[in-house]
file my_file19.txt (compact mmCIF, C-alpha atoms)
# COMPACT_ATOMS: atom_id res chain seq x y z
CA MET A 1 158.47 49.70 79.81
CA ALA A 2 157.86 48.62 83.39
CA THR A 3 159.02 52.04 84.59
CA LEU A 4 156.62 53.76 82.17
CA LYS A 5 153.74 51.58 83.40
CA SER A 6 154.48 52.31 87.03
CA ILE A 7 154.64 56.08 86.26
CA ALA A 8 151.28 55.89 84.47
CA LEU A 9 149.71 53.93 87.36
CA SER A 10 151.00 56.43 89.89
CA GLU A 11 149.56 59.26 87.76
CA ILE A 12 146.16 57.53 87.67
CA ALA A 13 146.32 56.94 91.41
CA LEU A 14 147.09 60.62 91.96
CA CYS A 15 144.22 61.59 89.67
CA CYS A 16 141.91 59.29 91.60
CA LEU A 17 142.93 60.82 94.90
CA VAL A 18 142.58 64.41 93.77
CA LEU A 19 139.31 63.96 91.91
CA SER A 20 137.67 61.75 94.50
CA ALA A 21 137.92 64.55 97.09
CA PRO A 22 134.74 66.28 95.84
CA TRP A 23 132.97 62.94 95.86
CA LEU A 24 133.81 62.50 99.50
CA CYS A 25 132.68 66.04 100.00
CA VAL A 26 129.23 65.28 98.49
CA ALA A 27 128.91 62.16 100.60
CA GLN A 28 129.72 64.15 103.72
CA GLY A 29 127.19 66.80 102.70
CA ALA A 30 124.48 64.19 102.21
CA GLN A 31 125.28 62.73 105.58
CA SER A 32 124.97 66.09 107.28
CA ALA A 33 121.69 66.60 105.43
CA THR A 34 119.92 63.78 107.23
CA MET A 35 117.63 64.96 110.00
CA THR A 36 119.49 65.01 113.26
CA PRO A 37 117.40 64.84 116.41
CA PRO A 38 117.85 67.96 118.57
CA VAL A 39 119.82 66.14 121.28
CA THR A 40 122.19 64.63 118.76
CA ALA A 41 122.61 68.00 117.11
CA GLY A 42 123.45 69.49 120.46
CA ILE A 43 126.04 66.82 121.07
CA ALA A 44 127.48 67.36 117.60
CA ASN A 45 127.72 71.04 118.33
CA ASN A 46 129.51 70.44 121.63
CA SER A 47 132.00 68.18 119.99
CA SER A 48 132.78 70.59 117.17
CA PRO A 49 135.99 71.95 118.76
CA ASN A 50 137.34 68.40 118.66
CA ILE A 51 136.50 68.16 114.98
CA VAL A 52 138.35 71.39 114.35
CA ASP A 53 141.37 69.99 116.16
CA LEU A 54 141.50 66.94 113.95
CA PRO A 55 144.53 67.42 111.76
CA SER A 56 143.96 64.82 109.06
CA ALA A 57 140.41 65.67 107.91
CA PRO A 58 140.26 66.85 104.29
CA GLU A 59 139.60 70.59 104.30
CA PRO A 60 136.53 70.86 102.00
CA ALA A 61 134.73 68.02 103.76
CA ASN A 62 135.39 69.57 107.15
CA GLN A 63 134.02 72.94 106.05
CA ILE A 64 130.74 71.40 104.92
CA ALA A 65 130.42 69.40 108.10
CA GLN A 66 130.81 72.57 110.13
CA ALA A 67 128.33 74.40 107.93
CA GLY A 68 125.90 71.58 108.51
CA GLN A 69 126.33 71.92 112.25
CA ALA A 70 125.93 75.66 112.06
CA ASP A 71 122.59 75.04 110.31
CA GLN A 72 121.42 72.65 112.96
CA THR A 73 122.54 74.48 116.08
CA PRO A 74 120.36 77.59 115.90
CA ALA A 75 117.39 75.44 114.91
CA THR A 76 117.85 73.33 118.02
CA ASN A 77 118.15 76.37 120.24
CA GLN A 78 115.08 77.90 118.66
CA LYS A 79 113.09 74.74 119.31
CA GLN A 80 114.17 74.71 122.93
CA GLN A 81 113.69 78.42 123.55
CA GLY A 82 110.83 78.97 121.14
CA GLN A 83 112.22 82.40 120.31
CA THR A 84 112.78 83.95 116.92
CA ASN A 85 116.42 84.45 116.26
CA GLN A 86 117.84 85.33 112.93
CA GLN A 87 119.97 82.40 111.92
CA GLN A 88 123.58 82.98 111.13
CA GLN A 89 123.74 80.74 108.11
CA ASN A 90 126.05 80.41 105.22
CA PRO A 91 124.61 82.76 102.58
CA GLN A 92 126.02 80.65 99.77
CA THR A 93 124.17 77.49 100.71
CA THR A 94 121.13 78.78 102.57
CA PRO A 95 118.91 81.61 101.35
CA SER A 96 118.13 84.34 103.85
CA LEU A 97 115.15 86.66 104.22
CA GLY A 98 117.26 89.47 102.81
CA ASP A 99 117.66 87.55 99.53
CA LEU A 100 113.92 87.58 98.85
CA GLY A 101 113.55 91.27 98.10
CA PHE A 102 111.01 92.37 100.68
CA THR A 103 110.97 96.07 101.50
CA PRO A 104 112.12 97.17 104.97
CA GLN A 105 108.57 98.36 105.68
CA GLN A 106 107.33 94.84 105.12
CA THR A 107 109.85 93.16 107.36
CA GLN A 108 110.25 95.75 110.11
CA ALA A 109 108.52 95.12 113.43
CA ASP A 110 106.06 97.81 114.51
CA ALA A 111 105.44 97.66 118.24
CA GLN A 112 103.16 100.72 118.13
CA MET A 113 100.96 99.11 115.50
CA GLN A 114 100.81 95.93 117.57
CA ALA A 115 99.69 97.98 120.57
CA ARG A 116 97.04 99.66 118.41
CA LEU A 117 95.82 96.31 117.16
CA ASN A 118 95.69 94.93 120.70
CA GLU A 119 93.68 97.92 121.89
CA ARG A 120 91.41 97.69 118.86
CA THR A 121 90.72 94.00 119.48
CA HIS A 122 90.06 94.63 123.16
CA MET A 123 87.60 97.43 122.41
CA LEU A 124 85.83 95.45 119.69
CA LYS A 125 85.53 92.44 122.00
CA VAL A 126 83.82 94.65 124.59
CA HIS A 127 81.64 96.02 121.76
CA GLN A 128 80.72 92.50 120.70
CA THR A 129 79.95 91.27 124.21
CA LEU A 130 77.93 94.34 125.19
CA GLY A 131 76.18 94.30 121.84
CA LEU A 132 75.09 90.71 122.28
CA ILE A 133 73.93 91.32 125.88
CA THR A 134 71.97 94.37 124.68
CA THR A 135 69.72 92.09 122.62
CA ILE A 136 68.19 90.77 125.87
CA PRO A 137 66.70 94.06 127.17
CA MET A 138 65.98 95.09 123.55
CA VAL A 139 63.80 92.04 122.89
CA ALA A 140 62.25 92.35 126.36
CA THR A 141 61.35 95.98 125.62
CA LEU A 142 59.78 94.91 122.35
CA ILE A 143 57.75 92.19 124.12
CA THR A 144 56.53 94.53 126.89
CA GLY A 145 55.64 97.24 124.35
CA PRO A 146 52.02 96.13 123.71
CA GLN A 147 51.35 95.98 127.46
CA ALA A 148 52.47 99.61 127.79
CA LYS A 149 50.17 100.80 125.05
CA ALA A 150 46.77 102.40 125.51
CA LYS A 151 44.06 100.36 123.77
CA GLY A 152 40.90 101.55 122.08
CA LYS A 153 39.99 103.87 119.24
CA ASN A 154 39.87 107.64 119.58
CA GLY A 155 36.42 108.84 120.58
CA GLN A 156 35.77 105.59 122.43
CA THR A 157 36.76 104.41 125.91
CA ILE A 158 40.52 104.08 126.06
CA ILE A 159 42.04 101.39 128.27
CA GLU A 160 45.18 102.86 129.75
CA PRO A 161 48.11 100.54 130.56
CA THR A 162 48.93 100.02 134.22
CA ALA A 163 51.59 102.32 135.65
CA ALA A 164 53.73 99.27 136.47
CA ASN A 165 53.64 98.05 132.86
CA LEU A 166 54.37 101.50 131.53
CA ASP A 167 57.26 102.07 133.96
CA PHE A 168 58.71 98.61 133.38
CA HIS A 169 58.67 99.14 129.61
CA PHE A 170 60.14 102.61 130.09
CA ALA A 171 62.94 101.24 132.32
CA LEU A 172 63.74 98.44 129.88
CA GLY A 173 63.91 100.96 127.04
CA GLY A 174 66.26 103.13 129.10
CA LEU A 175 68.49 100.14 129.88
CA THR A 176 68.57 99.11 126.20
CA SER A 177 69.46 102.61 125.14
CA GLY A 178 72.23 102.92 127.74
CA MET A 179 73.78 99.57 126.83
CA TYR A 180 73.45 100.22 123.12
CA TRP A 181 75.33 103.52 123.27
CA THR A 182 77.99 102.10 125.56
CA SER A 183 78.54 99.28 123.07
CA ALA A 184 78.56 101.81 120.21
CA TYR A 185 81.19 103.89 122.03
CA TYR A 186 83.62 100.92 121.98
CA ALA A 187 83.11 100.47 118.23
CA ILE A 188 83.31 104.16 117.35
CA PHE A 189 86.41 104.87 119.40
CA ALA A 190 88.31 101.65 118.67
CA PRO A 191 91.64 102.64 117.03
CA LYS A 192 91.44 102.81 113.26
CA ILE A 193 94.12 101.05 111.22
CA PRO A 194 95.27 103.25 108.36
CA GLY A 195 95.18 101.85 104.84
CA VAL A 196 92.62 99.16 105.58
CA LYS A 197 89.50 99.31 103.46
CA PRO A 198 86.44 97.60 104.95
CA LYS A 199 85.79 94.36 103.10
CA GLY A 200 83.38 91.48 103.57
CA ALA A 201 80.66 91.08 106.18
CA ILE A 202 81.85 94.12 108.14
CA ARG A 203 80.59 96.40 105.34
CA LEU A 204 76.95 95.38 105.81
CA HIS A 205 77.43 95.48 109.59
CA ARG A 206 78.60 99.09 109.29
CA SER A 207 75.94 100.05 106.76
CA LEU A 208 73.22 98.86 109.12
CA GLU A 209 74.56 101.31 111.73
CA TRP A 210 72.84 103.99 109.67
CA VAL A 211 69.52 102.30 110.34
CA HIS A 212 69.69 101.15 113.96
CA GLY A 213 71.83 104.12 115.08
CA PRO A 214 69.27 106.80 114.20
CA GLY A 215 66.60 104.29 115.26
CA MET A 216 68.08 104.20 118.74
CA ILE A 217 67.79 108.01 118.91
CA ILE A 218 64.34 108.33 117.42
CA THR A 219 62.70 105.37 119.23
CA PRO A 220 63.42 106.59 122.79
CA LEU A 221 62.41 110.18 121.86
CA LEU A 222 59.10 108.96 120.44
CA GLY A 223 58.79 106.69 123.49
CA ILE A 224 59.14 109.65 125.85
CA MET A 225 56.50 111.52 123.87
CA ALA A 226 54.17 108.50 124.00
CA TYR A 227 54.88 108.01 127.72
CA LYS A 228 53.92 111.63 128.44
CA GLN A 229 50.76 111.38 126.35
CA GLU A 230 49.66 108.15 127.99
CA ASN A 231 50.42 109.51 131.46
CA ALA A 232 48.10 112.39 130.55
CA GLY A 233 45.35 109.85 129.83
CA GLU A 234 45.67 110.16 126.07
CA LYS A 235 46.36 107.57 123.45
CA ALA A 236 49.73 108.08 121.79
CA HIS A 237 49.17 110.27 118.77
CA GLY A 238 51.09 112.27 116.19
CA MET A 239 54.76 111.42 115.91
CA ALA A 240 54.56 109.41 119.14
CA SER A 241 52.28 106.89 117.44
CA TYR A 242 55.25 105.75 115.35
CA HIS A 243 57.22 104.72 118.46
CA GLY A 244 56.33 101.02 118.01
CA THR A 245 57.17 101.00 114.29
CA ALA A 246 60.51 102.70 114.91
CA ALA A 247 61.27 100.12 117.63
CA TYR A 248 60.51 97.19 115.34
CA VAL A 249 62.60 98.59 112.47
CA THR A 250 65.50 99.35 114.84
CA THR A 251 65.43 95.87 116.38
CA ALA A 252 65.26 94.22 112.94
CA ALA A 253 68.24 96.26 111.70
CA TYR A 254 70.13 95.49 114.91
CA ALA A 255 69.49 91.74 114.57
CA ALA A 256 70.50 91.86 110.90
CA SER A 257 73.69 93.65 111.93
CA ILE A 258 74.58 90.84 114.33
CA VAL A 259 73.85 88.17 111.74
CA ALA A 260 75.76 90.08 109.04
CA VAL A 261 78.99 90.20 111.03
CA SER A 262 78.70 86.48 111.77
CA TRP A 263 77.89 85.47 108.19
CA PRO A 264 78.34 82.89 106.67
CA ILE A 265 77.30 80.67 109.54
CA HIS A 266 78.04 76.94 109.47
CA LEU A 267 76.45 75.44 112.54
CA LYS A 268 78.57 72.52 113.72
CA PHE A 269 78.34 72.76 117.49
CA TRP A 270 78.13 68.98 117.74
CA GLU A 271 81.65 68.62 116.36
CA LYS A 272 84.29 68.00 118.97
CA GLN A 273 86.70 70.88 119.45
CA MET B 1 147.91 55.24 77.99
CA ASN B 2 146.52 58.68 77.25
CA LYS B 3 143.09 57.13 76.67
CA ARG B 4 143.17 55.50 80.08
CA LEU B 5 144.15 58.75 81.68
CA LEU B 6 141.32 60.56 79.91
CA ILE B 7 138.77 57.94 81.00
CA ALA B 8 140.03 58.15 84.56
CA LEU B 9 139.80 61.93 84.44
CA PHE B 10 136.27 61.81 83.01
CA LEU B 11 135.02 59.28 85.55
CA PHE B 12 136.41 61.09 88.51
CA ALA B 13 135.38 64.49 87.30
CA LEU B 14 131.69 63.46 87.32
CA PRO B 15 131.20 64.27 91.02
CA LEU B 16 132.45 67.76 90.29
CA PHE B 17 129.45 68.31 88.01
CA ALA B 18 127.17 66.75 90.62
CA GLN B 19 128.34 69.27 93.15
CA THR B 20 127.36 72.31 91.05
CA ASP B 21 124.94 74.62 92.87
CA THR B 22 121.42 74.97 91.52
CA GLN B 23 119.26 77.90 92.44
CA TRP B 24 115.50 78.13 92.32
CA ALA B 25 113.20 81.15 92.28
CA LEU B 26 109.57 81.21 93.35
CA ASP B 27 107.38 82.25 90.42
CA LYS B 28 103.85 81.99 91.79
CA SER B 29 102.48 80.90 95.10
CA THR B 30 99.37 80.59 97.18
CA LEU B 31 99.59 79.99 100.90
CA THR B 32 96.21 79.29 102.47
CA TYR B 33 95.46 78.82 106.16
CA HIS B 34 92.26 77.14 107.22
CA MET B 35 90.51 78.11 110.42
CA SER B 36 87.63 76.15 111.84
CA HIS B 37 84.97 77.25 114.33
CA PRO B 38 81.63 75.58 115.10
CA MET B 39 79.96 78.52 113.33
CA HIS B 40 82.57 79.36 110.71
CA GLU B 41 84.93 77.76 108.24
CA VAL B 42 87.47 80.33 107.05
CA ASP B 43 90.27 80.24 104.50
CA GLY B 44 92.80 83.04 104.29
CA ALA B 45 95.14 83.16 101.31
CA SER B 46 98.28 85.06 100.46
CA HIS B 47 99.75 85.41 96.99
CA GLU B 48 102.59 87.67 98.11
CA ALA B 49 105.08 85.02 99.15
CA LYS B 50 108.61 85.19 97.84
CA GLY B 51 111.08 82.38 97.85
CA LYS B 52 114.48 81.11 96.90
CA GLY B 53 116.07 77.71 96.89
CA ILE B 54 119.68 76.61 96.79
CA CYS B 55 120.85 73.07 96.23
CA HIS B 56 124.45 72.61 97.22
CA ALA B 57 126.50 69.51 97.89
CA GLY B 58 123.52 67.18 97.63
CA GLN B 59 121.43 69.20 100.02
CA CYS B 60 118.61 71.62 99.14
CA ASN B 61 117.63 74.58 101.29
CA PHE B 62 114.51 76.50 100.37
CA LEU B 63 113.13 79.62 101.99
CA ILE B 64 109.61 80.94 101.45
CA ALA B 65 108.33 84.02 103.25
CA ALA B 66 105.18 86.12 103.18
CA PRO B 67 103.96 89.17 105.10
CA VAL B 68 101.43 88.08 107.74
CA LYS B 69 99.11 90.94 106.80
CA SER B 70 98.99 89.77 103.19
CA PHE B 71 96.64 86.92 104.11
CA ASP B 72 93.15 87.72 102.92
CA SER B 73 90.11 85.88 104.27
CA GLY B 74 87.61 88.12 102.49
CA ASP B 75 86.81 90.05 105.66
CA SER B 76 89.03 92.98 106.62
CA ASN B 77 87.86 92.88 110.22
CA ARG B 78 88.79 89.23 110.59
CA ASP B 79 92.13 89.79 108.87
CA LEU B 80 93.04 92.57 111.29
CA HIS B 81 92.04 90.37 114.19
CA MET B 82 94.23 87.60 112.75
CA VAL B 83 97.20 89.99 112.53
CA GLU B 84 96.60 91.02 116.13
CA ALA B 85 96.19 87.45 117.43
CA THR B 86 99.32 86.26 115.64
CA ARG B 87 101.35 89.33 116.75
CA GLY B 88 101.69 90.15 113.05
CA ALA B 89 102.78 93.77 113.52
CA GLN B 90 105.56 92.76 115.91
CA PHE B 91 106.56 89.76 113.78
CA PRO B 92 105.43 90.80 110.31
CA MET B 93 106.77 87.85 108.32
CA VAL B 94 105.98 84.19 108.26
CA SER B 95 108.81 82.14 106.84
CA VAL B 96 109.20 78.50 105.98
CA ARG B 97 112.58 76.86 105.58
CA ALA B 98 112.56 73.52 103.84
CA GLN B 99 115.45 71.10 103.84
CA PHE B 100 115.71 67.90 101.85
CA PRO B 101 118.32 65.88 99.97
CA GLU B 102 118.83 66.99 96.36
CA ALA B 103 118.18 63.44 95.20
CA ALA B 104 114.59 63.77 96.47
CA ILE B 105 113.83 66.28 93.70
CA THR B 106 113.61 63.48 91.15
CA GLY B 107 110.68 61.71 92.84
CA PRO B 108 106.99 62.74 92.69
CA THR B 109 106.90 63.31 96.44
CA ILE B 110 109.47 65.27 98.40
CA TYR B 111 109.65 64.63 102.12
CA ALA B 112 110.94 67.87 103.57
CA ASP B 113 111.87 68.97 107.03
CA LEU B 114 110.23 72.32 107.61
CA GLU B 115 111.13 75.06 110.02
CA VAL B 116 108.38 77.66 110.29
CA GLN B 117 108.94 81.03 111.94
CA PHE B 118 105.67 82.70 112.78
CA ALA B 119 104.29 84.92 115.54
CA GLY B 120 107.72 85.11 117.17
CA GLN B 121 107.98 81.35 117.53
CA THR B 122 109.72 78.63 115.60
CA ALA B 123 108.14 75.26 114.95
CA HIS B 124 109.61 72.24 113.21
CA TYR B 125 107.70 69.75 111.12
CA GLY B 126 109.63 66.71 110.05
CA HIS B 127 109.09 64.60 106.95
CA VAL B 128 106.25 66.70 105.48
CA PRO B 129 105.15 65.22 102.13
CA LEU B 130 105.15 67.73 99.26
CA GLN B 131 103.76 66.71 95.90
CA LYS B 132 105.83 67.64 92.87
CA VAL B 133 104.67 68.11 89.29
CA THR B 134 107.14 69.15 86.60
CA GLN B 135 105.85 71.18 83.66
CA GLY B 136 108.63 72.23 81.31
CA ASN B 137 110.99 74.51 83.18
CA GLU B 138 108.57 74.90 86.04
CA VAL B 139 108.12 72.70 89.07
CA GLN B 140 104.85 72.85 90.96
CA ILE B 141 105.04 71.94 94.61
CA SER B 142 102.02 71.50 96.85
CA GLY B 143 101.48 70.26 100.35
CA THR B 144 100.08 71.06 103.75
CA VAL B 145 101.92 72.25 106.84
CA PRO B 146 100.13 70.72 109.85
CA ALA B 147 100.33 73.91 111.92
CA THR B 148 98.44 74.47 115.15
CA CYS B 149 97.80 77.59 117.23
CA SER B 150 99.64 76.10 120.18
CA ASP B 151 102.79 75.61 118.07
CA TYR B 152 103.09 79.40 117.99
CA LYS B 153 101.58 80.17 121.39
CA ILE B 154 98.64 81.91 119.74
CA ASP B 155 95.65 82.54 121.98
CA ARG B 156 92.85 81.03 119.97
CA PRO B 157 90.34 83.69 118.93
CA SER B 158 86.81 82.94 120.05
CA PHE B 159 83.34 83.80 118.89
CA LEU B 160 80.39 83.56 121.25
CA THR B 161 82.91 82.35 123.85
CA VAL B 162 83.75 79.29 121.70
CA PRO B 163 87.39 79.28 120.52
CA ILE B 164 88.49 78.22 117.06
CA LYS B 165 90.01 74.77 116.56
CA ASN B 166 93.66 74.44 117.49
CA GLU B 167 94.53 73.11 114.03
CA ILE B 168 95.26 75.76 111.41
CA PRO B 169 96.66 73.73 108.49
CA VAL B 170 98.45 75.82 105.89
CA ARG B 171 98.14 74.68 102.30
CA ILE B 172 101.13 75.52 100.15
CA GLU B 173 100.94 75.75 96.37
CA MET B 174 104.04 77.01 94.64
CA THR B 175 105.58 77.18 91.20
CA TRP B 176 109.36 77.17 91.13
CA ARG B 177 111.68 77.97 88.27
CA GLN B 178 115.31 77.00 88.06
CA MET B 179 117.54 80.06 87.78
call {"tool": "encode", "arguments": {"input": "my_file19.txt", "output": "structure tokens"}}
result
Amino acid sequence: MATLKSIALSEIALCCLVLSAPWLCVAQGAQSATMTPPVTAGIANNSSPNIVDLPSAPEPANQIAQAGQADQTPATNQKQQGQTNQQQQNPQTTPSLGDLGFTPQQTQADAQMQARLNERTHMLKVHQTLGLITTIPMVATLITGPQAKAKGKNGQTIIEPTAANLDFHFALGGLTSGMYWTSAYYAIFAPKIPGVKPKGAIRLHRSLEWVHGPGMIITPLLGIMAYKQENAGEKAHGMASYHGTAAYVTTAAYAASIVAVSWPIHLKFWEKQ
Amino acid sequence: MNKRLLIALFLFALPLFAQTDTQWALDKSTLTYHMSHPMHEVDGASHEAKGKGICHAGQCNFLIAAPVKSFDSGDSNRDLHMVEATRGAQFPMVSVRAQFPEAAITGPTIYADLEVQFAGQTAHYGHVPLQKVTQGNEVQISGTVPATCSDYKIDRPSFLTVPIKNEIPVRIEMTWRQM
């Protein structure tokens, strides 16, 4: 009877030993799951050959411990280097980007596209800066307009503007035109990104081009006509008489274009950056 | 005697069941970045994220990734500028790896250690709280990654010479399903 009991006990003990191995394994896994500071992880990584040399460690537990270190090591290096490296991780325990089902086109780097985007941004930044600066001579031209206009009704005495006023207004108009078309060049010739449909505020910004663009052709032409007529001692007449109206419409469309691309505006300049 | 043996077997076999792998698939998701400028408040969202999670040996590893160009702020010009500023053509994916103990899944809040790869850089965010709501077979996870431009060496875009705020928190809303 005593022999039977001792056999049964030894069987239970054996069972305990064999079946408790996975338990130990889980405990080890949970331990390796705790966040290890980078320095500690580095130390753990350095000491890994010693762990491998240990003869008595149970095999499954050791494998998980190593897998845990393998998870930590690249992360530590990435933090130190700040570079993107594809991690060599155990595919059974850690999902990889390849498991997610993205197409190669989605995941593949495109250096040419990046260069195009960089050039596009650069050109549009120049367009934006020049465009904003252009508002200064544009508004100044609009302000000096009435001083460059002959006053008085036809058939009565006409008060001609001074040559200085007329020339100053003419020069400001020329400067506005030059800056406007330079700014437009950077927008027109900025690289286009295929497959991107204009959406949002940019649509109105682009639509308004069809107002201020022709306006910036017509207004100077009418201005030249008016300039010639006034230099000849006449009041601007015919098509030239619409020079002022064309200028106002063009400036309004131009201002709306600037506001449109900035919309919606939430003014919070007082907030600390 | 046989009974005792059976009980012993049953008790000690329990950890074996505990060790079984569980896999999770991402059903629906919305990743939203928030960008702040004195003149603008912008949110850009992506619904094209894909993800997978594996819980093994008491440890869960989740991976969520989305194409950078899939973020939509409602303005195509701004989105292209975002892709350019974040080097999105060179590094087209943003991926988030989350790690947490499997036991954490039972609570309403999961504190995860996140590793985010974005714009060619890797940033780590420790102990990020993620709220968990279970609805039938689905688990809804939401939280915010406290990302900043400087974490990824992104030159902050500016408007009227004023740059955007450094903070670009990314709100994560996901629905996971156990496979």
call {"tool": "interface_residues", "arguments": {"input": "my_file19.txt", "of": "chain B", "to": "chain A", "cutoff": "7 Å", "atoms": "all atoms listed in the file", "output": "compact mmCIF listing (two decimals) with C-alpha atoms, keeping the file's coordinate frame"}}
result
# COMPACT_ATOMS: atom_id res chain seq x y z
CA LEU B 5 144.15 58.75 81.68
CA ALA B 8 140.03 58.15 84.56
CA LEU B 9 139.80 61.93 84.44
CA PHE B 12 136.41 61.09 88.51
CA ALA B 13 135.38 64.49 87.30
CA PRO B 15 131.20 64.27 91.02
CA LEU B 16 132.45 67.76 90.29
CA GLN B 19 128.34 69.27 93.15
CA PRO B 38 81.63 75.58 115.10
CA MET B 39 79.96 78.52 113.33
CA HIS B 40 82.57 79.36 110.71
CA LYS B 50 108.61 85.19 97.84
CA GLY B 51 111.08 82.38 97.85
CA LYS B 52 114.48 81.11 96.90
CA GLY B 53 116.07 77.71 96.89
CA ILE B 54 119.68 76.61 96.79
CA HIS B 56 124.45 72.61 97.22
CA ALA B 57 126.50 69.51 97.89
CA GLY B 58 123.52 67.18 97.63
CA GLN B 59 121.43 69.20 100.02
CA ASN B 61 117.63 74.58 101.29
CA PHE B 62 114.51 76.50 100.37
CA LEU B 63 113.13 79.62 101.99
CA PRO B 67 103.96 89.17 105.10
CA GLY B 74 87.61 88.12 102.49
CA ASP B 75 86.81 90.05 105.66
CA SER B 76 89.03 92.98 106.62
CA ASN B 77 87.86 92.88 110.22
CA HIS B 81 92.04 90.37 114.19
CA GLU B 84 96.60 91.02 116.13
CA ARG B 87 101.35 89.33 116.75
CA ALA B 89 102.78 93.77 113.52
CA GLN B 90 105.56 92.76 115.91
CA PHE B 91 106.56 89.76 113.78
CA PRO B 92 105.43 90.80 110.31
CA MET B 93 106.77 87.85 108.32
CA PRO B 101 118.32 65.88 99.97
CA GLN B 117 108.94 81.03 111.94
CA GLY B 120 107.72 85.11 117.17
CA GLN B 121 107.98 81.35 117.53
CA THR B 122 109.72 78.63 115.60
CA ALA B 123 108.14 75.26 114.95
CA LYS B 165 90.01 74.77 116.56
call {"tool": "atom_distance", "arguments": {"input": "my_file19.txt", "atom1": "atom CA of Thr144 of chain A", "atom2": "atom CA of Thr161 of chain B"}}
result
29.2 Å
call {"tool": "closest_residue", "arguments": {"input": "my_file19.txt", "among": "B:Ser36, B:Thr109, B:Asn137, B:Ser29", "to": "Glu167 of chain B", "atoms": "only C-alpha atoms"}}
result
B:Ser36
call {"tool": "closest_residue", "arguments": {"input": "my_file19.txt", "among": "B:Thr32, B:Ser150, B:Gln135, B:Ser95", "to": "Val170 of chain B", "atoms": "all atoms listed in the file"}}
result
B:Thr32
call {"tool": "atom_distance", "arguments": {"input": "my_file19.txt", "atom1": "atom CA of Asp43 of chain B", "atom2": "atom CA of Leu204 of chain A"}}
result
20.2 Å
call {"tool": "residues_around", "arguments": {"input": "my_file19.txt", "residues": "Ile159 of chain A", "least_positions_apart": "6", "cutoff": "10 Å", "atoms": "all atoms listed in the file", "output": "JSON, numbers by chain"}}
result
{"A": [149, 150, 151, 152, 153, 233, 234, 235]}
